[in-house]
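Source file: upload_39.txt (compact mmCIF, N, CA and C atoms)
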# COMPACT_ATOMS: atom_id res chain seq x y z
N MET A 278 55.58 6.51 -5.52
CA MET A 278 55.81 5.63 -4.38
C MET A 278 55.32 6.25 -3.08
N ASN A 279 55.09 7.56 -3.09
CA ASN A 279 54.63 8.22 -1.89
C ASN A 279 53.23 7.74 -1.52
N GLY A 280 52.32 7.49 -2.51
CA GLY A 280 50.96 7.00 -2.26
C GLY A 280 50.97 5.62 -1.64
N LEU A 281 51.92 4.80 -2.03
CA LEU A 281 52.00 3.45 -1.47
C LEU A 281 52.38 3.50 0.01
N GLY A 282 53.27 4.44 0.37
CA GLY A 282 53.65 4.60 1.78
C GLY A 282 52.47 5.06 2.63
N GLU A 283 51.64 5.95 2.07
CA GLU A 283 50.45 6.40 2.80
C GLU A 283 49.47 5.26 3.01
N LEU A 284 49.30 4.41 2.00
CA LEU A 284 48.40 3.26 2.11
C LEU A 284 48.88 2.31 3.18
N LYS A 285 50.22 2.08 3.26
CA LYS A 285 50.79 1.20 4.29
C LYS A 285 50.53 1.79 5.68
N GLY A 286 50.66 3.11 5.82
CA GLY A 286 50.40 3.76 7.10
C GLY A 286 48.93 3.61 7.54
N VAL A 287 48.02 3.72 6.57
CA VAL A 287 46.59 3.57 6.89
C VAL A 287 46.31 2.14 7.35
N VAL A 288 46.86 1.17 6.65
CA VAL A 288 46.63 -0.24 7.02
C VAL A 288 47.22 -0.52 8.40
N ASP A 289 48.37 0.03 8.68
CA ASP A 289 48.99 -0.19 10.01
C ASP A 289 48.14 0.44 11.11
N ARG A 290 47.58 1.61 10.86
CA ARG A 290 46.74 2.26 11.88
C ARG A 290 45.46 1.47 12.14
N MET A 291 44.97 0.74 11.14
CA MET A 291 43.74 -0.05 11.31
C MET A 291 44.03 -1.41 11.92
N GLY A 292 45.25 -1.69 12.29
CA GLY A 292 45.57 -2.96 12.94
C GLY A 292 46.15 -3.99 11.99
N GLY A 293 46.65 -3.54 10.86
CA GLY A 293 47.24 -4.47 9.91
C GLY A 293 46.15 -5.25 9.18
N ILE A 294 46.60 -6.22 8.38
CA ILE A 294 45.67 -7.06 7.61
C ILE A 294 44.76 -7.84 8.56
N ASP A 295 45.32 -8.38 9.64
CA ASP A 295 44.53 -9.17 10.60
C ASP A 295 43.45 -8.30 11.25
N GLY A 296 43.79 -7.07 11.58
CA GLY A 296 42.80 -6.18 12.19
C GLY A 296 41.66 -5.83 11.24
N ILE A 297 42.01 -5.60 9.98
CA ILE A 297 40.98 -5.27 8.98
C ILE A 297 40.04 -6.46 8.79
N ILE A 298 40.59 -7.66 8.68
CA ILE A 298 39.76 -8.86 8.49
C ILE A 298 38.87 -9.10 9.71
N GLY A 299 39.42 -8.90 10.90
CA GLY A 299 38.62 -9.06 12.13
C GLY A 299 37.48 -8.05 12.19
N THR A 300 37.77 -6.81 11.80
CA THR A 300 36.74 -5.78 11.79
C THR A 300 35.64 -6.10 10.78
N MET A 301 36.04 -6.62 9.63
CA MET A 301 35.04 -6.99 8.62
C MET A 301 34.14 -8.12 9.13
N GLY A 302 34.70 -9.06 9.88
CA GLY A 302 33.90 -10.14 10.47
C GLY A 302 32.85 -9.58 11.43
N LYS A 303 33.28 -8.60 12.25
CA LYS A 303 32.34 -7.98 13.19
C LYS A 303 31.22 -7.24 12.45
N VAL A 304 31.61 -6.53 11.39
CA VAL A 304 30.62 -5.78 10.60
C VAL A 304 29.60 -6.75 9.99
N GLN A 305 30.07 -7.89 9.49
CA GLN A 305 29.17 -8.88 8.91
C GLN A 305 28.17 -9.40 9.94
N LYS A 306 28.62 -9.62 11.17
CA LYS A 306 27.72 -10.09 12.22
C LYS A 306 26.65 -9.05 12.53
N VAL A 307 27.05 -7.79 12.59
CA VAL A 307 26.08 -6.72 12.86
C VAL A 307 25.05 -6.64 11.74
N VAL A 308 25.51 -6.70 10.50
CA VAL A 308 24.60 -6.62 9.36
C VAL A 308 23.63 -7.80 9.37
N ALA A 309 24.12 -9.00 9.68
CA ALA A 309 23.24 -10.17 9.74
C ALA A 309 22.18 -10.01 10.83
N GLY A 310 22.56 -9.47 11.97
CA GLY A 310 21.59 -9.23 13.04
C GLY A 310 20.53 -8.22 12.65
N VAL A 311 20.94 -7.16 11.96
CA VAL A 311 19.98 -6.14 11.51
C VAL A 311 19.02 -6.74 10.49
N GLN A 312 19.54 -7.58 9.59
CA GLN A 312 18.68 -8.20 8.58
C GLN A 312 17.64 -9.12 9.22
N GLN A 313 18.01 -9.79 10.29
CA GLN A 313 17.05 -10.68 10.96
C GLN A 313 15.99 -9.88 11.70
N MET A 314 16.35 -8.72 12.21
CA MET A 314 15.39 -7.92 12.97
C MET A 314 14.52 -7.04 12.07
N ALA A 315 14.91 -6.84 10.83
CA ALA A 315 14.19 -5.93 9.93
C ALA A 315 12.71 -6.28 9.77
N PRO A 316 12.32 -7.55 9.53
CA PRO A 316 10.89 -7.85 9.38
C PRO A 316 10.09 -7.53 10.64
N MET A 317 10.67 -7.80 11.81
CA MET A 317 9.96 -7.52 13.06
C MET A 317 9.78 -6.01 13.25
N VAL A 318 10.82 -5.26 12.95
CA VAL A 318 10.74 -3.80 13.08
C VAL A 318 9.71 -3.25 12.09
N LYS A 319 9.69 -3.80 10.89
CA LYS A 319 8.73 -3.36 9.88
C LYS A 319 7.30 -3.63 10.35
N LEU A 320 7.08 -4.79 10.95
CA LEU A 320 5.76 -5.13 11.47
C LEU A 320 5.34 -4.17 12.58
N LEU A 321 6.26 -3.87 13.48
CA LEU A 321 5.94 -2.95 14.57
C LEU A 321 5.65 -1.55 14.06
N MET A 322 6.42 -1.09 13.11
CA MET A 322 6.20 0.24 12.56
C MET A 322 4.86 0.30 11.83
N GLY A 323 4.48 -0.78 11.17
CA GLY A 323 3.20 -0.82 10.48
C GLY A 323 2.03 -0.81 11.44
N SER A 324 2.20 -1.42 12.63
CA SER A 324 1.10 -1.44 13.59
C SER A 324 0.92 -0.08 14.24
N PHE A 325 2.00 0.65 14.44
CA PHE A 325 1.86 2.00 14.99
C PHE A 325 1.30 2.93 13.93
N GLY A 326 1.74 2.74 12.71
CA GLY A 326 1.20 3.47 11.57
C GLY A 326 1.36 4.97 11.66
N LYS A 327 0.64 5.64 10.79
CA LYS A 327 0.67 7.10 10.77
C LYS A 327 -0.21 7.63 11.89
N LYS A 328 -0.04 8.87 12.22
CA LYS A 328 -0.82 9.46 13.30
C LYS A 328 -2.29 9.45 12.93
N GLY A 329 -3.12 8.92 13.81
CA GLY A 329 -4.56 8.89 13.59
C GLY A 329 -5.04 7.76 12.71
N ALA A 330 -4.15 6.96 12.20
CA ALA A 330 -4.56 5.85 11.34
C ALA A 330 -4.97 4.67 12.19
N VAL A 331 -5.97 3.95 11.73
CA VAL A 331 -6.46 2.76 12.43
C VAL A 331 -5.75 1.56 11.82
N ALA A 332 -5.44 0.57 12.64
CA ALA A 332 -4.79 -0.64 12.13
C ALA A 332 -5.69 -1.31 11.11
N GLN A 333 -5.10 -1.85 10.06
CA GLN A 333 -5.88 -2.45 8.99
C GLN A 333 -6.46 -3.78 9.45
N THR A 334 -7.69 -4.04 9.02
CA THR A 334 -8.32 -5.31 9.33
C THR A 334 -8.05 -6.27 8.18
N ALA A 335 -8.49 -7.50 8.34
CA ALA A 335 -8.26 -8.50 7.30
C ALA A 335 -9.00 -8.12 6.02
N GLU A 336 -10.15 -7.45 6.14
CA GLU A 336 -10.91 -7.05 4.96
C GLU A 336 -10.17 -5.96 4.18
N GLU A 337 -9.53 -5.04 4.89
CA GLU A 337 -8.83 -3.96 4.21
C GLU A 337 -7.51 -4.43 3.63
N ASP A 338 -7.04 -5.58 4.04
CA ASP A 338 -5.74 -6.08 3.62
C ASP A 338 -5.82 -6.85 2.31
N THR A 339 -7.02 -6.92 1.69
CA THR A 339 -7.16 -7.65 0.44
C THR A 339 -6.55 -6.86 -0.69
N GLU A 340 -6.58 -7.44 -1.86
CA GLU A 340 -5.96 -6.82 -3.04
C GLU A 340 -6.64 -5.50 -3.37
N TRP A 341 -5.87 -4.50 -3.79
CA TRP A 341 -6.40 -3.17 -4.08
C TRP A 341 -7.14 -3.19 -5.40
N ARG A 342 -8.30 -2.56 -5.43
CA ARG A 342 -9.06 -2.40 -6.66
C ARG A 342 -9.37 -0.92 -6.84
N PRO A 343 -9.35 -0.42 -8.07
CA PRO A 343 -9.69 0.99 -8.27
C PRO A 343 -11.17 1.21 -7.96
N PRO A 344 -11.53 2.41 -7.54
CA PRO A 344 -12.94 2.66 -7.22
C PRO A 344 -13.80 2.53 -8.46
N ARG A 345 -15.06 2.11 -8.26
CA ARG A 345 -15.97 1.95 -9.38
C ARG A 345 -16.31 3.32 -9.97
N ARG A 346 -16.48 3.32 -11.29
CA ARG A 346 -16.85 4.57 -11.95
C ARG A 346 -18.33 4.81 -11.73
N ARG A 347 -18.67 6.05 -11.48
CA ARG A 347 -20.07 6.40 -11.29
C ARG A 347 -20.69 6.70 -12.64
N ARG A 348 -21.91 6.20 -12.84
CA ARG A 348 -22.60 6.48 -14.08
C ARG A 348 -23.24 7.86 -14.00
N ARG A 349 -23.16 8.59 -15.08
CA ARG A 349 -23.79 9.90 -15.12
C ARG A 349 -25.24 9.72 -15.52
N ARG A 350 -26.11 10.38 -14.79
CA ARG A 350 -27.52 10.32 -15.12
C ARG A 350 -27.81 11.40 -16.15
N ARG A 351 -28.48 11.01 -17.24
CA ARG A 351 -28.85 11.99 -18.25
C ARG A 351 -30.08 12.72 -17.78
N PRO A 352 -30.16 14.01 -18.04
CA PRO A 352 -31.36 14.73 -17.64
C PRO A 352 -32.57 14.22 -18.41
N ALA A 353 -33.76 14.29 -17.80
CA ALA A 353 -34.98 13.79 -18.42
C ALA A 353 -35.26 14.55 -19.70
N GLY A 354 -35.60 13.82 -20.75
CA GLY A 354 -35.94 14.45 -22.02
C GLY A 354 -34.74 14.70 -22.91
N ALA A 355 -33.53 14.48 -22.44
CA ALA A 355 -32.35 14.72 -23.27
C ALA A 355 -32.00 13.45 -24.04
N GLY A 356 -31.30 13.60 -25.10
CA GLY A 356 -30.83 12.42 -25.83
C GLY A 356 -31.56 12.26 -27.14
N ASN A 357 -32.05 11.05 -27.41
CA ASN A 357 -32.66 10.72 -28.70
C ASN A 357 -34.14 11.07 -28.75
N GLY A 358 -34.58 12.00 -28.03
CA GLY A 358 -36.00 12.34 -28.02
C GLY A 358 -36.70 11.52 -26.96
N ALA A 359 -37.95 11.79 -26.77
CA ALA A 359 -38.71 11.08 -25.73
C ALA A 359 -39.09 9.71 -26.24
N ARG A 360 -38.60 8.68 -25.61
CA ARG A 360 -38.98 7.30 -25.94
C ARG A 360 -40.02 6.86 -24.92
N PRO A 361 -40.95 6.06 -25.32
CA PRO A 361 -41.94 5.61 -24.33
C PRO A 361 -41.29 4.76 -23.26
N GLY A 362 -41.62 5.07 -22.05
CA GLY A 362 -41.11 4.29 -20.93
C GLY A 362 -39.73 4.67 -20.46
N SER A 363 -39.13 5.70 -21.07
CA SER A 363 -37.77 6.05 -20.68
C SER A 363 -37.72 7.25 -19.74
N GLY A 364 -38.87 7.80 -19.38
CA GLY A 364 -38.90 8.96 -18.51
C GLY A 364 -38.66 8.58 -17.06
N ARG A 365 -38.89 9.52 -16.19
CA ARG A 365 -38.71 9.24 -14.77
C ARG A 365 -39.81 8.33 -14.27
N ARG A 366 -39.52 7.62 -13.20
CA ARG A 366 -40.54 6.77 -12.59
C ARG A 366 -41.52 7.63 -11.82
N ARG A 367 -42.73 7.14 -11.73
CA ARG A 367 -43.74 7.86 -10.96
C ARG A 367 -43.44 7.72 -9.48
N PRO A 368 -43.80 8.70 -8.70
CA PRO A 368 -43.64 8.55 -7.26
C PRO A 368 -44.50 7.40 -6.75
N ALA A 369 -44.09 6.78 -5.66
CA ALA A 369 -44.77 5.60 -5.14
C ALA A 369 -46.21 5.91 -4.75
N SER A 370 -46.50 7.13 -4.32
CA SER A 370 -47.86 7.46 -3.87
C SER A 370 -48.86 7.43 -5.02
N SER A 371 -48.45 7.78 -6.24
CA SER A 371 -49.38 7.81 -7.36
C SER A 371 -49.34 6.53 -8.18
N ALA A 372 -48.49 5.59 -7.81
CA ALA A 372 -48.38 4.35 -8.57
C ALA A 372 -49.59 3.47 -8.30
N ARG A 373 -50.00 2.74 -9.33
CA ARG A 373 -51.14 1.84 -9.16
C ARG A 373 -50.70 0.60 -8.40
N PRO A 374 -51.58 0.03 -7.58
CA PRO A 374 -51.21 -1.19 -6.87
C PRO A 374 -51.05 -2.35 -7.85
N ARG A 375 -50.12 -3.23 -7.58
CA ARG A 375 -49.85 -4.37 -8.46
C ARG A 375 -50.91 -5.44 -8.26
N LYS A 376 -51.15 -6.14 -9.36
CA LYS A 376 -52.08 -7.26 -9.27
C LYS A 376 -51.36 -8.45 -8.65
N ARG A 377 -52.06 -9.15 -7.79
CA ARG A 377 -51.47 -10.33 -7.18
C ARG A 377 -51.64 -11.53 -8.09
N ARG A 378 -50.63 -12.36 -8.12
CA ARG A 378 -50.67 -13.55 -8.94
C ARG A 378 -51.47 -14.63 -8.22
N PRO A 379 -52.40 -15.30 -8.89
CA PRO A 379 -53.17 -16.36 -8.21
C PRO A 379 -52.28 -17.58 -7.90
N ARG A 380 -52.59 -18.23 -6.79
CA ARG A 380 -51.79 -19.40 -6.39
C ARG A 380 -52.40 -20.69 -6.81

Please express what this file holds, its structure, as C-alpha cells.
Amino acid sequence: MNGLGELKGVVDRMGGIDGIIGTMGKVQKVVAGVQQMAPMVKLLMGSFGKKGAVAQTAEEDTEWRPPRRRRRRRPAGAGNGARPGSGRRRPASSARPRKRRPR
C-alpha cells in the first residue's frame, strides 16, 4: 500500500487528474505544430545542404541509376588469334580517301 500512496502524491503534485489531462492537451498541440512545420524545416535544411554542396537542379533530382560499366579493351593480338579486320584502326593520315557516291 506504500506504493499507492506515493502514486497519489505524484498525481497531486502534477495538479491532480485535471492538471494531467490539461498538460496532455498542451503537449498534443505542441506536437501537432511541430508536425506541421517539419516539411518546411526539411526543405530549408535541404537547400542549405552540406558545406560546399550546390543545390540540386531538376536534372539531378531524377531517379538514381547506377553508373555504366566500362568495357575493358583487349590488347591488340590477344584472344582467339589474329582475325582479319579485328586489329587497330589505321591512323587518319594514312587512311585512303573514301569514294564519293554518285548522285

_Between atom CA of A:Met317 and atom C of A:Gly299, what is the distance in Å, rounded to a tenth?_
27.5 Å

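A straight line drawn from atom CA of A:Val288 to atom CA of A:Thr300 is 12.3 Å long.
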
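In this model, the gap between atom C of A:Lys306 and atom N of A:Ser324 comes to 25.6 Å.
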